[in-house]
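Here the structure is laid out as structure tokens; the discussion comes afterwards.
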Amino acid sequence: MKSFIRICMIFVILLIMLVVSAMIFDDRGYVFIEFNGYAIEMNVMSLAISLILVFITLLLFNWIINLSFNATSTSRAWFGNFGSRKKQKAFRSGLLAMAENDYPQARNAFAKIENDDFDGINLLAAAQVELQLGEPQKAKALWHKAAAISSSSLAANQCLLRDALQQGQPDNALELIANLPEKQRNQALIIKLWAQALAEAGKWQVLKDKLPSWKKSLGPDYDLMMQQASKGQFAEIASKEGGTKLIENWLASSRSVRKDPAQQAAYIQQLIAQGMHSEAEKALVEYQKSAPHALLIPLFKQIKLPNPNGALKKLEGWLKYDENNVELLSTLGHVAYHANDLILAEKVLNKAIKLGHKQEDLRLMATIKEAQQDNLQALALFKQSMAQPGA
């Protein structure tokens, strides 16, 4: 634009100089142009006027051309924006219909923009609508479509994995995970679903091998998953080769495995399942030399021995330093009851109930009162336990 203005100024200045010169020297000059048999004669003033007219014509012509191009571009932009606004309106309508539980309307809105670029969000939303309308196959097709879009790939794959697990198809879930990009497989949410799929598929050894590297991603679920994996593996060994082989296998494990509370709990649980209560009691006492552990303490309640001296001594020793610990009192009460020491069981359970009112303690106390033929007290305790939330 600046160059154009400069050209115009130079042109005007030259014309003015030409006209002024002709006026000063009182000589209008003479111009003769011949071209291909045509001759043009004029003086300087006529030439100046002609050049001005030609220049103005060119300017007008250029202005008309620019105006035409601008009008075309504006029309194209207007029609483009109109289409974009229409798609945005359909997207908003679909989301609002979802929020209002008007799923048929939401389906119609999302269908209009299924092939448009909304970073896959429209496909994920449409899949949820299809689920609500009882069309899981259509939802799955939309998830697969969203999985092909980089921005929605992770979310779509998570939906596909959850769907496979909900349908009881852990092998399909594992196949999906195997085909995921490495970056997605390392995501915490995918790892949790991966662990669940391995557990449901009964691949206990694979799960146990992977759990140490997944500890950070699993967070609080790590101990539970390790316990589940160990329990499944120990159950396989015990069912195929018996309890003796289970103990041999455990003792042959690495020190790190035998020090892991989650695996200790799974091992002891399997010993109890095999009816090896004496071995389970010894393990519980040995693995809690310094302090009680939240994963192991509940297992004391499953011990059924006539003389569980080791367990009683350990629990009573802890209670000397923490006499109002409801969990320890409850555990001691159950151990004493299974050992047929009803006096001790009643004593500690009474204290536990006063401090905590646990449902399982109320029921056990009701059972003790029933054994003592105190039916009224037993009935009152049973009613109280029914009104009490589960422990």
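Ligands are numbered from 1 in the order shown, chains are lettered A, B, ... in the order of the structure tokens, and residues start at 1 in each chain.
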
>> Write out as a PyMOL selection string the set of residues from range 227-338 of chain A that DSSP, computed on the backbone, places in helix (DSSP H, G or I).
In response: chain A and resi 227-241+243-251+255-258+261-273+277-286+297-302+309-321+326-338

>> Which residues are near Pro306 in chain A? Cut-off 12 Å, only C-alpha atoms, ignore same chain within fewer than 2 positions. Put them as a ChimeraX atom specification.
In response: /A:277-278,281,303-304,308-312,335-341

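Minimum atom-to-atom distance to Asp223 in chain A, evaluated using only C-alpha atoms, belongs to A:Leu295 out of A:Ala199, A:Ala188, A:Leu295, A:Ala156.
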
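Taking CA of Ser385 in chain A as the reference point, CA of Lys369 in chain A is found at 13.8 Å.
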